[in-house]
$ cat start.pdb   # PDB, C-alpha atoms
ATOM      1  CA  MET I   1     -31.521 -18.740  14.601
ATOM      2  CA  THR I   2     -31.879 -16.146  17.359
ATOM      3  CA  PRO I   3     -34.212 -13.096  17.239
ATOM      4  CA  GLY I   4     -31.107 -10.885  17.283
ATOM      5  CA  VAL I   5     -29.811 -12.430  14.061
ATOM      6  CA  SER I   6     -33.221 -12.043  12.396
ATOM      7  CA  ALA I   7     -33.382  -8.386  13.469
ATOM      8  CA  LEU I   8     -29.861  -7.793  12.140
ATOM      9  CA  GLY I   9     -30.826  -9.446   8.842
ATOM     10  CA  ILE I  10     -33.922  -7.247   8.456
ATOM     11  CA  ALA I  11     -31.889  -4.149   9.392
ATOM     12  CA  CYS I  12     -29.300  -5.032   6.722
ATOM     13  CA  LEU I  13     -32.008  -5.507   4.071
ATOM     14  CA  VAL I  14     -33.610  -2.148   4.936
ATOM     15  CA  ALA I  15     -30.189  -0.415   4.982
ATOM     16  CA  TRP I  16     -29.319  -1.884   1.574
ATOM     17  CA  GLY I  17     -32.636  -0.736   0.096
ATOM     18  CA  GLY I  18     -32.041   2.752   1.498
ATOM     19  CA  LEU I  19     -28.472   2.930   0.197
ATOM     20  CA  TRP I  20     -29.553   1.704  -3.270
ATOM     21  CA  GLY I  21     -32.317   4.315  -3.457
ATOM     22  CA  TYR I  22     -29.970   7.081  -2.295
ATOM     23  CA  LEU I  23     -27.309   6.149  -4.862
ATOM     24  CA  ARG I  24     -29.922   6.104  -7.652
ATOM     25  CA  MET I  25     -31.169   9.551  -6.609
ATOM     26  CA  LEU I  26     -27.605  10.919  -6.458
ATOM     27  CA  GLN I  27     -26.857   9.441  -9.872
ATOM     28  CA  ALA I  28     -29.974  11.042 -11.403
ATOM     29  CA  ARG I  29     -29.018  14.447  -9.951
ATOM     30  CA  LEU I  30     -25.455  14.156 -11.271
ATOM     31  CA  ASP I  31     -26.810  13.195 -14.712
ATOM     32  CA  ALA I  32     -29.071  16.268 -14.683
ATOM     33  CA  ILE I  33     -26.221  18.596 -13.613
ATOM     34  CA  GLU I  34     -23.864  17.216 -16.264
ATOM     35  CA  GLU I  35     -26.508  17.437 -18.999
ATOM     36  CA  ALA I  36     -27.236  21.065 -18.047
ATOM     37  CA  GLY I  37     -23.655  22.000 -18.924
ATOM     38  CA  PRO I  38     -20.831  23.780 -17.082
ATOM     39  CA  GLU I  39     -21.438  26.551 -14.560
ATOM     40  CA  PRO I  40     -18.999  29.400 -13.892
ATOM     41  CA  PRO I  41     -16.523  28.681 -11.067
ATOM     42  CA  ALA I  42     -17.680  29.773  -7.616
ATOM     43  CA  ASN I  43     -14.746  32.165  -7.192
ATOM     44  CA  GLU I  44     -15.483  34.083 -10.411
ATOM     45  CA  PRO I  45     -17.425  37.387 -10.138
TER
ATOM     46  CA  MET D   1     -23.455   8.805 -21.519
ATOM     47  CA  GLY D   2     -25.869   7.673 -24.223
ATOM     48  CA  ARG D   3     -29.369   6.293 -23.764
ATOM     49  CA  VAL D   4     -28.254   2.734 -24.503
ATOM     50  CA  ASN D   5     -25.576   2.913 -21.802
ATOM     51  CA  HIS D   6     -28.156   4.374 -19.416
ATOM     52  CA  GLY D   7     -30.366   1.359 -20.153
ATOM     53  CA  VAL D   8     -27.547  -1.110 -19.450
ATOM     54  CA  ARG D   9     -26.603   0.790 -16.299
ATOM     55  CA  ASN D  10     -30.222   0.722 -15.058
ATOM     56  CA  ALA D  11     -30.517  -3.007 -15.757
ATOM     57  CA  VAL D  12     -27.256  -3.790 -13.920
ATOM     58  CA  GLN D  13     -28.339  -1.691 -10.924
ATOM     59  CA  TRP D  14     -31.728  -3.424 -10.688
ATOM     60  CA  VAL D  15     -29.990  -6.819 -10.880
ATOM     61  CA  LEU D  16     -27.614  -5.681  -8.129
ATOM     62  CA  LEU D  17     -30.551  -4.601  -5.922
ATOM     63  CA  PHE D  18     -32.101  -8.074  -6.022
ATOM     64  CA  ALA D  19     -28.793  -9.983  -6.002
ATOM     65  CA  MET D  20     -27.593  -8.226  -2.839
ATOM     66  CA  ALA D  21     -31.030  -8.697  -1.223
ATOM     67  CA  ALA D  22     -30.809 -12.430  -2.053
ATOM     68  CA  VAL D  23     -27.305 -12.591  -0.560
ATOM     69  CA  LEU D  24     -28.464 -10.892   2.664
ATOM     70  CA  GLU D  25     -31.544 -13.113   2.870
ATOM     71  CA  SER D  26     -29.356 -16.183   2.447
ATOM     72  CA  ALA D  27     -26.691 -14.920   4.861
ATOM     73  CA  PHE D  28     -29.062 -14.109   7.716
ATOM     74  CA  PHE D  29     -32.031 -16.459   7.203
ATOM     75  CA  ARG D  30     -31.064 -19.435   5.065
ATOM     76  CA  VAL D  31     -27.439 -20.582   5.445
ATOM     77  CA  ARG D  32     -26.867 -23.256   8.065
ATOM     78  CA  THR D  33     -23.976 -22.123  10.238
ATOM     79  CA  PRO D  34     -21.061 -24.455  11.079
ATOM     80  CA  ALA D  35     -21.708 -26.964  13.869
ATOM     81  CA  PRO D  36     -20.830 -25.751  17.396
ATOM     82  CA  GLY D  37     -17.495 -26.992  18.683
ATOM     83  CA  GLY D  38     -15.968 -27.196  15.206
ATOM     84  CA  SER D  39     -13.876 -24.367  13.815
ATOM     85  CA  PHE D  40     -15.991 -21.729  15.547
ATOM     86  CA  ASN D  41     -17.062 -21.256  19.168
ATOM     87  CA  ALA D  42     -20.089 -19.090  18.283
ATOM     88  CA  PRO D  43     -21.536 -20.502  15.036
ATOM     89  CA  ASP D  44     -24.443 -18.051  14.699
ATOM     90  CA  ALA D  45     -22.013 -15.113  14.863
ATOM     91  CA  THR D  46     -20.281 -16.431  11.722
ATOM     92  CA  ARG D  47     -23.064 -14.726   9.721
ATOM     93  CA  ILE D  48     -21.268 -11.402  10.194
ATOM     94  CA  LEU D  49     -18.436 -12.853   8.078
ATOM     95  CA  PHE D  50     -20.677 -12.436   4.996
ATOM     96  CA  LEU D  51     -20.222  -8.676   5.515
ATOM     97  CA  HIS D  52     -16.814  -8.546   7.240
ATOM     98  CA  VAL D  53     -14.874 -10.482   4.587
ATOM     99  CA  PRO D  54     -16.261  -8.484   1.578
ATOM    100  CA  CYS D  55     -15.548  -5.204   3.429
ATOM    101  CA  ALA D  56     -11.939  -6.318   3.989
ATOM    102  CA  GLU D  57     -11.809  -7.280   0.284
ATOM    103  CA  LEU D  58     -13.037  -3.803  -0.745
ATOM    104  CA  CYS D  59     -10.510  -2.172   1.590
ATOM    105  CA  THR D  60      -7.725  -3.974  -0.293
ATOM    106  CA  LEU D  61      -9.355  -3.199  -3.639
ATOM    107  CA  GLY D  62      -9.552   0.485  -2.690
ATOM    108  CA  PHE D  63      -5.866   0.679  -1.771
ATOM    109  CA  VAL D  64      -4.781  -1.148  -4.956
ATOM    110  CA  THR D  65      -7.073   1.060  -7.106
ATOM    111  CA  ALA D  66      -5.599   4.177  -5.464
ATOM    112  CA  LEU D  67      -2.126   2.891  -6.354
ATOM    113  CA  VAL D  68      -3.062   2.132  -9.990
ATOM    114  CA  PHE D  69      -4.725   5.527 -10.619
ATOM    115  CA  GLY D  70      -1.907   7.274  -8.738
ATOM    116  CA  LEU D  71       0.624   5.727 -11.120
ATOM    117  CA  LEU D  72      -1.588   6.661 -14.094
ATOM    118  CA  TYR D  73      -1.652  10.249 -12.788
ATOM    119  CA  LEU D  74       2.149  10.333 -12.533
ATOM    120  CA  ARG D  75       2.341   9.091 -16.125
ATOM    121  CA  THR D  76      -0.335  11.278 -17.743
ATOM    122  CA  ARG D  77      -0.819  14.207 -15.297
ATOM    123  CA  ASP D  78      -4.565  13.900 -15.943
ATOM    124  CA  PRO D  79      -6.387  15.287 -12.837
ATOM    125  CA  LYS D  80      -9.215  12.782 -13.427
ATOM    126  CA  HIS D  81      -6.808   9.977 -12.475
ATOM    127  CA  ASP D  82      -5.868  11.915  -9.353
ATOM    128  CA  ALA D  83      -9.569  12.179  -8.435
ATOM    129  CA  ARG D  84     -10.038   8.434  -9.064
ATOM    130  CA  SER D  85      -7.034   7.655  -6.860
ATOM    131  CA  LEU D  86      -8.300   9.914  -4.060
ATOM    132  CA  VAL D  87     -11.798   8.413  -4.158
ATOM    133  CA  ALA D  88     -10.419   4.855  -4.134
ATOM    134  CA  ALA D  89      -8.263   5.622  -1.078
ATOM    135  CA  ARG D  90     -11.296   7.146   0.700
ATOM    136  CA  LEU D  91     -13.412   4.076  -0.083
ATOM    137  CA  GLY D  92     -10.591   1.757   1.028
ATOM    138  CA  LEU D  93     -10.480   3.616   4.329
ATOM    139  CA  LEU D  94     -14.278   3.495   4.707
ATOM    140  CA  PHE D  95     -14.568  -0.240   4.011
ATOM    141  CA  GLY D  96     -11.431  -0.985   6.057
ATOM    142  CA  GLY D  97     -13.013   0.833   9.003
ATOM    143  CA  LEU D  98     -16.226  -1.174   8.574
ATOM    144  CA  ALA D  99     -14.225  -4.423   8.343
ATOM    145  CA  LEU D 100     -12.359  -3.505  11.533
ATOM    146  CA  LEU D 101     -15.570  -2.668  13.440
ATOM    147  CA  MET D 102     -17.343  -5.839  12.304
ATOM    148  CA  GLY D 103     -14.204  -7.838  13.075
ATOM    149  CA  MET D 104     -14.187  -6.408  16.601
ATOM    150  CA  ALA D 105     -17.859  -7.345  17.077
ATOM    151  CA  TRP D 106     -17.029 -10.852  15.866
ATOM    152  CA  ALA D 107     -13.886 -11.057  18.052
ATOM    153  CA  ASN D 108     -15.885 -10.030  21.108
ATOM    154  CA  VAL D 109     -18.173 -13.038  20.674
ATOM    155  CA  GLU D 110     -15.703 -15.564  19.257
ATOM    156  CA  TRP D 111     -12.423 -14.697  20.987
ATOM    157  CA  GLY D 112     -13.791 -13.133  24.203
ATOM    158  CA  ALA D 113     -12.607  -9.537  23.660
ATOM    159  CA  PRO D 114     -13.015  -6.967  20.863
ATOM    160  CA  TRP D 115      -9.271  -6.271  20.662
ATOM    161  CA  ASN D 116      -6.775  -9.142  20.900
ATOM    162  CA  TRP D 117      -3.618  -7.726  19.245
ATOM    163  CA  ASP D 118      -4.150 -10.385  16.593
ATOM    164  CA  PRO D 119      -1.532  -9.735  13.851
ATOM    165  CA  ARG D 120      -4.126  -9.221  11.100
ATOM    166  CA  GLN D 121      -6.394  -7.066  13.287
ATOM    167  CA  THR D 122      -3.423  -4.891  14.281
ATOM    168  CA  GLY D 123      -2.076  -4.888  10.708
ATOM    169  CA  LEU D 124      -5.406  -3.601   9.355
ATOM    170  CA  ALA D 125      -5.510  -0.860  12.000
ATOM    171  CA  LEU D 126      -1.972   0.200  10.969
ATOM    172  CA  ALA D 127      -2.931   0.182   7.268
ATOM    173  CA  LEU D 128      -5.923   2.431   8.029
ATOM    174  CA  MET D 129      -3.573   4.853   9.808
ATOM    175  CA  PHE D 130      -1.393   5.009   6.654
ATOM    176  CA  TYR D 131      -4.407   6.084   4.613
ATOM    177  CA  ALA D 132      -5.687   8.532   7.242
ATOM    178  CA  ALA D 133      -2.215  10.105   6.916
ATOM    179  CA  TYR D 134      -2.669  10.065   3.103
ATOM    180  CA  LEU D 135      -5.805  12.215   3.439
ATOM    181  CA  ALA D 136      -4.009  14.514   5.915
ATOM    182  CA  LEU D 137      -1.126  14.871   3.446
ATOM    183  CA  ARG D 138      -3.513  15.857   0.657
ATOM    184  CA  GLY D 139      -5.193  18.386   2.926
ATOM    185  CA  ALA D 140      -1.847  19.932   3.865
ATOM    186  CA  VAL D 141      -0.782  20.743   0.265
ATOM    187  CA  GLU D 142      -2.659  23.506  -1.586
ATOM    188  CA  ASP D 143      -1.174  23.387  -5.078
ATOM    189  CA  PRO D 144      -3.283  20.761  -6.976
ATOM    190  CA  GLU D 145      -0.415  19.440  -9.093
ATOM    191  CA  ARG D 146       1.950  19.106  -6.160
ATOM    192  CA  GLN D 147      -0.859  17.555  -4.089
ATOM    193  CA  GLY D 148      -1.585  14.988  -6.811
ATOM    194  CA  THR D 149       2.093  14.104  -7.270
ATOM    195  CA  LEU D 150       2.790  13.711  -3.547
ATOM    196  CA  ALA D 151      -0.421  11.699  -3.040
ATOM    197  CA  ALA D 152       0.411   9.388  -5.955
ATOM    198  CA  VAL D 153       3.929   8.721  -4.659
ATOM    199  CA  TYR D 154       2.541   8.183  -1.142
ATOM    200  CA  ALA D 155      -0.104   5.740  -2.475
ATOM    201  CA  ALA D 156       2.598   3.846  -4.381
ATOM    202  CA  LEU D 157       4.530   3.345  -1.124
ATOM    203  CA  ALA D 158       1.550   2.897   1.229
ATOM    204  CA  CYS D 159      -0.241   0.185  -0.783
ATOM    205  CA  PRO D 160       2.538  -2.480  -0.655
ATOM    206  CA  ALA D 161       3.141  -1.632   3.028
ATOM    207  CA  ALA D 162      -0.584  -1.945   3.824
ATOM    208  CA  LEU D 163      -0.861  -5.268   1.964
ATOM    209  CA  PHE D 164       2.195  -6.554   3.825
ATOM    210  CA  PHE D 165       0.690  -5.624   7.204
ATOM    211  CA  ILE D 166      -2.753  -7.060   6.350
ATOM    212  CA  PHE D 167      -1.718 -10.268   4.552
ATOM    213  CA  GLY D 168       2.047 -10.876   4.653
ATOM    214  CA  LEU D 169       2.972 -10.373   8.280
ATOM    215  CA  PRO D 170       0.003 -12.280   9.823
ATOM    216  CA  TYR D 171       0.821 -15.264   7.614
ATOM    217  CA  TYR D 172       4.321 -15.620   9.067
ATOM    218  CA  LEU D 173       3.743 -14.453  12.639
ATOM    219  CA  PRO D 174       2.763 -17.213  15.077
ATOM    220  CA  GLY D 175      -0.321 -16.908  17.256
ATOM    221  CA  SER D 176      -2.771 -15.422  14.756
ATOM    222  CA  LEU D 177      -6.364 -15.976  15.850
ATOM    223  CA  HIS D 178      -7.548 -15.664  12.237
ATOM    224  CA  LEU D 179      -8.013 -19.086  10.696
ATOM    225  CA  LYS D 180      -5.781 -19.849   7.723
ATOM    226  CA  PRO D 181      -7.169 -21.354   4.479
ATOM    227  CA  GLY D 182      -7.651 -25.086   4.974
ATOM    228  CA  GLU D 183      -8.094 -24.779   8.741
ATOM    229  CA  VAL D 184     -11.816 -24.188   8.460
ATOM    230  CA  ARG D 185     -14.576 -26.443   7.092
ATOM    231  CA  LEU D 186     -17.505 -24.588   5.588
ATOM    232  CA  SER D 187     -20.595 -25.958   3.867
ATOM    233  CA  PRO D 188     -20.982 -25.428   0.080
ATOM    234  CA  GLU D 189     -23.935 -23.079   0.687
ATOM    235  CA  PHE D 190     -21.785 -21.022   3.084
ATOM    236  CA  ARG D 191     -19.046 -20.729   0.440
ATOM    237  CA  THR D 192     -21.525 -19.905  -2.343
ATOM    238  CA  THR D 193     -23.182 -17.143  -0.299
ATOM    239  CA  MET D 194     -19.760 -15.742   0.642
ATOM    240  CA  PHE D 195     -18.646 -15.753  -3.010
ATOM    241  CA  ALA D 196     -21.889 -14.075  -4.160
ATOM    242  CA  SER D 197     -21.563 -11.497  -1.389
ATOM    243  CA  MET D 198     -18.003 -10.659  -2.472
ATOM    244  CA  ILE D 199     -19.119 -10.168  -6.109
ATOM    245  CA  CYS D 200     -22.061  -7.935  -5.078
ATOM    246  CA  PHE D 201     -19.794  -5.848  -2.842
ATOM    247  CA  VAL D 202     -17.328  -5.330  -5.716
ATOM    248  CA  ALA D 203     -20.241  -4.089  -7.863
ATOM    249  CA  VAL D 204     -21.253  -1.675  -5.079
ATOM    250  CA  PHE D 205     -17.630  -0.475  -4.873
ATOM    251  CA  ILE D 206     -17.510   0.228  -8.625
ATOM    252  CA  TRP D 207     -20.797   2.148  -8.417
ATOM    253  CA  LEU D 208     -19.703   4.165  -5.363
ATOM    254  CA  HIS D 209     -16.322   4.882  -6.977
ATOM    255  CA  ALA D 210     -17.937   6.153 -10.185
ATOM    256  CA  LEU D 211     -20.424   8.378  -8.343
ATOM    257  CA  GLU D 212     -17.933   9.817  -5.872
ATOM    258  CA  THR D 213     -15.420  10.493  -8.660
ATOM    259  CA  ARG D 214     -18.091  12.456 -10.562
ATOM    260  CA  LEU D 215     -18.908  14.404  -7.379
ATOM    261  CA  THR D 216     -15.218  15.145  -6.745
ATOM    262  CA  LEU D 217     -14.637  16.300 -10.326
ATOM    263  CA  LEU D 218     -17.758  18.477 -10.140
ATOM    264  CA  SER D 219     -16.524  20.150  -6.943
ATOM    265  CA  TRP D 220     -13.059  20.656  -8.499
ATOM    266  CA  ARG D 221     -14.643  22.234 -11.599
ATOM    267  CA  ARG D 222     -16.774  24.548  -9.482
ATOM    268  CA  ALA D 223     -13.702  25.572  -7.483
ATOM    269  CA  GLY D 224     -11.898  26.367 -10.751
ATOM    270  CA  ARG D 225      -9.354  23.631 -10.084
ATOM    271  CA  LEU D 226     -10.226  21.765 -13.267
ATOM    272  CA  GLU D 227     -10.783  22.934 -16.835
ATOM    273  CA  ARG D 228     -14.349  22.621 -18.081
TER
END

$ encode --input "start.pdb" --output "structure tokens"
Amino acid sequence: MTPGVSALGIACLVAWGGLWGYLRMLQARLDAIEEAGPEPPANEP
Amino acid sequence: MGRVNHGVRNAVQWVLLFAMAAVLESAFFRVRTPAPGGSFNAPDATRILFLHVPCAELCTLGFVTALVFGLLYLRTRDPKHDARSLVAARLGLLFGGLALLMGMAWANVEWGAPWNWDPRQTGLALALMFYAAYLALRGAVEDPERQGTLAAVYAALACPAALFFIFGLPYYLPGSLHLKPGEVRLSPEFRTTMFASMICFVAVFIWLHALETRLTLLSWRRAGRLER
């Protein structure tokens, strides 16, 4: 196994951890918005 | 969504975190690559296939999902199906683009050049152009109902064409650099890791699709496009 492959493997693991954390955060924010109820449309006065 | 469903969802997501990490650890640090001089010229580069093949799988899944929800929209006229179809097409395009880029990196090492006019490589590029045109079509029509109808009909025509260019044509055309099933010998651990990777990627696709659909519906509601 070359150092390049090891570096790519570590980069993939870090990227996956980052993506997983981001998706969890996004999901929590969407849950909070949906639980708060509907807002008026942006184009309404 | 109730608390029980939230609990199940959390558990599945934690399992996915560790399952995908195990797949990546196996793919890059554990699996023994095929022997040099066998089916592959650059055995160590075969590790990228653990990402390239699942991305190509998700590209196909995205296009088929866009077709299914497009047909459901035509049948029910429910804008949620239109949103699901749109999101699936976007994800298909995203993962198809990733599959193409990783394929080019692989081709550069294995076949000597990133672009070889290989039938499957060219077919995938054509399929991605169909779906880039799908997004352009949606952007060009303002009326939501007309946009949804046109997009659904387009998806119903584009999906079989894309599948033909990605899978059908390369199978019959001579000179494909892609190995056909049976032409390549892989170790059981290589196959197992590939299979696990494909399952984990499908789970990621389902998660991404659900989240992006919720985001799309939220933006449509805020724009007054959708009833509360």

$ interface_residues --input "start.pdb" --of "chain D" --to "chain I" --cutoff "6 Å" --atoms "all atoms listed in the file" --output "PyMOL selection string"
chain D and resi 28+222-224

$ atom_distance --input "start.pdb" --atom1 "CA of Met198 (chain D)" --atom2 "CA of Leu91 (chain D)"
15.6 Å

$ residues_around --input "start.pdb" --residues "region 120-126 of chain D" --least-positions-apart "4" --cutoff "7 Å" --atoms "all atoms listed in the file" --output "VMD selection string"
chain D and resid 130 165 to 166 170

$ write_last_selection --input "start.pdb" --atoms "C-alpha atoms" --output "PDB file, in the frame of the given file"
ATOM      1  CA  PHE D 130      -1.393   5.009   6.654  1.00  0.00           C
ATOM      2  CA  PHE D 165       0.690  -5.624   7.204  1.00  0.00           C
ATOM      3  CA  ILE D 166      -2.753  -7.060   6.350  1.00  0.00           C
ATOM      4  CA  PRO D 170       0.003 -12.280   9.823  1.00  0.00           C
TER       5      PRO D 170
END

$ closest_residue --input "start.pdb" --among "D:Val141, D:Ala113, D:Met129, D:Val64" --to "Ala89 (chain D)" --atoms "only C-alpha atoms"
D:Val64

$ atom_distance --input "start.pdb" --atom1 "CA of Glu189 (chain D)" --atom2 "CA of Phe29 (chain D)"
12.3 Å

$ residues_around --input "start.pdb" --residues "Lys80 (chain D)" --least-positions-apart "2" --cutoff "12 Å" --atoms "only C-alpha atoms" --output "ChimeraX atom specification"
/D:69-70,72-74,76-78,82-87,144-145,148,210,212-218,220-221,225-227

$ atom_distance --input "start.pdb" --atom1 "CA of Arg185 (chain D)" --atom2 "CA of Val53 (chain D)"
16.2 Å

$ residues_around --input "start.pdb" --residues "Gly168 (chain D)" --least-positions-apart "4" --cutoff "12 Å" --atoms "only C-alpha atoms" --output "JSON list (two decimals) with C-alpha atoms, keeping the file's coordinate frame"
[["chain", "number", "residue", "atom", "x", "y", "z"],
["D", 119, "PRO", "CA", -1.53, -9.74, 13.85],
["D", 120, "ARG", "CA", -4.13, -9.22, 11.10],
["D", 123, "GLY", "CA", -2.08, -4.89, 10.71],
["D", 124, "LEU", "CA", -5.41, -3.60, 9.36],
["D", 160, "PRO", "CA", 2.54, -2.48, -0.66],
["D", 161, "ALA", "CA", 3.14, -1.63, 3.03],
["D", 162, "ALA", "CA", -0.58, -1.94, 3.82],
["D", 163, "LEU", "CA", -0.86, -5.27, 1.96],
["D", 164, "PHE", "CA", 2.19, -6.55, 3.82],
["D", 172, "TYR", "CA", 4.32, -15.62, 9.07],
["D", 173, "LEU", "CA", 3.74, -14.45, 12.64]]

$ resolve_selection --input "start.pdb" --expression "the PyMOL selection byres ((chain D and resi 49) around 10)" --output "list in words"
Ala27, Ala45, Thr46, Arg47, Ile48, Phe50, Leu51, His52, Val53, Pro54, Cys55, Ala99, Met102, Gly103, Trp106 and Met194 of chain D

$ resolve_selection --input "start.pdb" --expression "the PyMOL selection byres ((chain D and resi 138) around 12)" --output "ChimeraX atom specification"
/D:82-83,85-86,89-90,131-137,139-155

$ decode --input "start.pdb" --residues "region 89-154 of chain D" --atoms "C-alpha atoms" --output "PDB file, in the first residue's frame"
ATOM      1  CA  ALA D  89     -32.752  13.769 -10.860  1.00  0.00           C
ATOM      2  CA  ARG D  90     -30.413  16.256  -9.121  1.00  0.00           C
ATOM      3  CA  LEU D  91     -28.865  13.474  -7.027  1.00  0.00           C
ATOM      4  CA  GLY D  92     -28.529  11.244 -10.105  1.00  0.00           C
ATOM      5  CA  LEU D  93     -26.658  14.052 -11.830  1.00  0.00           C
ATOM      6  CA  LEU D  94     -24.443  14.665  -8.779  1.00  0.00           C
ATOM      7  CA  PHE D  95     -23.483  11.006  -8.319  1.00  0.00           C
ATOM      8  CA  GLY D  96     -23.140  10.500 -12.089  1.00  0.00           C
ATOM      9  CA  GLY D  97     -20.701  13.419 -12.182  1.00  0.00           C
ATOM     10  CA  LEU D  98     -18.722  11.916  -9.290  1.00  0.00           C
ATOM     11  CA  ALA D  99     -18.701   8.503 -11.011  1.00  0.00           C
ATOM     12  CA  LEU D 100     -17.438  10.124 -14.217  1.00  0.00           C
ATOM     13  CA  LEU D 101     -14.656  12.043 -12.420  1.00  0.00           C
ATOM     14  CA  MET D 102     -13.519   8.996 -10.442  1.00  0.00           C
ATOM     15  CA  GLY D 103     -13.726   6.899 -13.604  1.00  0.00           C
ATOM     16  CA  MET D 104     -11.473   9.399 -15.381  1.00  0.00           C
ATOM     17  CA  ALA D 105      -8.945   9.265 -12.521  1.00  0.00           C
ATOM     18  CA  TRP D 106      -9.027   5.471 -12.745  1.00  0.00           C
ATOM     19  CA  ALA D 107      -8.774   5.512 -16.570  1.00  0.00           C
ATOM     20  CA  ASN D 108      -5.753   7.798 -16.395  1.00  0.00           C
ATOM     21  CA  VAL D 109      -3.867   5.218 -14.332  1.00  0.00           C
ATOM     22  CA  GLU D 110      -5.278   2.008 -15.814  1.00  0.00           C
ATOM     23  CA  TRP D 111      -5.846   2.873 -19.480  1.00  0.00           C
ATOM     24  CA  GLY D 112      -3.205   5.613 -19.906  1.00  0.00           C
ATOM     25  CA  ALA D 113      -5.533   8.589 -20.497  1.00  0.00           C
ATOM     26  CA  PRO D 114      -8.480  10.112 -18.604  1.00  0.00           C
ATOM     27  CA  TRP D 115     -10.739  10.103 -21.677  1.00  0.00           C
ATOM     28  CA  ASN D 116     -10.730   7.119 -24.050  1.00  0.00           C
ATOM     29  CA  TRP D 117     -14.109   7.387 -25.842  1.00  0.00           C
ATOM     30  CA  ASP D 118     -14.968   4.116 -24.124  1.00  0.00           C
ATOM     31  CA  PRO D 119     -18.661   3.396 -24.925  1.00  0.00           C
ATOM     32  CA  ARG D 120     -19.743   3.368 -21.266  1.00  0.00           C
ATOM     33  CA  GLN D 121     -17.688   6.457 -20.368  1.00  0.00           C
ATOM     34  CA  THR D 122     -19.163   8.341 -23.337  1.00  0.00           C
ATOM     35  CA  GLY D 123     -22.648   6.943 -22.648  1.00  0.00           C
ATOM     36  CA  LEU D 124     -22.547   8.214 -19.049  1.00  0.00           C
ATOM     37  CA  ALA D 125     -21.410  11.659 -20.216  1.00  0.00           C
ATOM     38  CA  LEU D 126     -24.356  11.745 -22.670  1.00  0.00           C
ATOM     39  CA  ALA D 127     -26.799  10.648 -19.941  1.00  0.00           C
ATOM     40  CA  LEU D 128     -25.547  13.464 -17.685  1.00  0.00           C
ATOM     41  CA  MET D 129     -26.186  15.936 -20.518  1.00  0.00           C
ATOM     42  CA  PHE D 130     -29.808  14.688 -20.751  1.00  0.00           C
ATOM     43  CA  TYR D 131     -30.328  15.485 -17.076  1.00  0.00           C
ATOM     44  CA  ALA D 132     -28.518  18.836 -17.240  1.00  0.00           C
ATOM     45  CA  ALA D 133     -31.061  19.644 -19.982  1.00  0.00           C
ATOM     46  CA  TYR D 134     -33.833  18.410 -17.628  1.00  0.00           C
ATOM     47  CA  LEU D 135     -32.810  21.015 -15.032  1.00  0.00           C
ATOM     48  CA  ALA D 136     -32.582  23.693 -17.756  1.00  0.00           C
ATOM     49  CA  LEU D 137     -36.082  22.749 -18.936  1.00  0.00           C
ATOM     50  CA  ARG D 138     -37.468  23.114 -15.416  1.00  0.00           C
ATOM     51  CA  GLY D 139     -35.775  26.486 -15.049  1.00  0.00           C
ATOM     52  CA  ALA D 140     -37.248  27.708 -18.336  1.00  0.00           C
ATOM     53  CA  VAL D 141     -40.911  27.096 -17.359  1.00  0.00           C
ATOM     54  CA  GLU D 142     -42.460  29.345 -14.688  1.00  0.00           C
ATOM     55  CA  ASP D 143     -45.905  27.839 -14.163  1.00  0.00           C
ATOM     56  CA  PRO D 144     -45.403  25.099 -11.483  1.00  0.00           C
ATOM     57  CA  GLU D 145     -48.004  22.714 -12.898  1.00  0.00           C
ATOM     58  CA  ARG D 146     -46.731  23.007 -16.448  1.00  0.00           C
ATOM     59  CA  GLN D 147     -43.145  22.696 -15.173  1.00  0.00           C
ATOM     60  CA  GLY D 148     -43.997  19.518 -13.249  1.00  0.00           C
ATOM     61  CA  THR D 149     -45.848  17.964 -16.195  1.00  0.00           C
ATOM     62  CA  LEU D 150     -43.108  18.727 -18.727  1.00  0.00           C
ATOM     63  CA  ALA D 151     -40.389  17.531 -16.320  1.00  0.00           C
ATOM     64  CA  ALA D 152     -42.254  14.281 -15.620  1.00  0.00           C
ATOM     65  CA  VAL D 153     -42.720  13.538 -19.325  1.00  0.00           C
ATOM     66  CA  TYR D 154     -39.063  14.427 -19.972  1.00  0.00           C
TER      67      TYR D 154
END
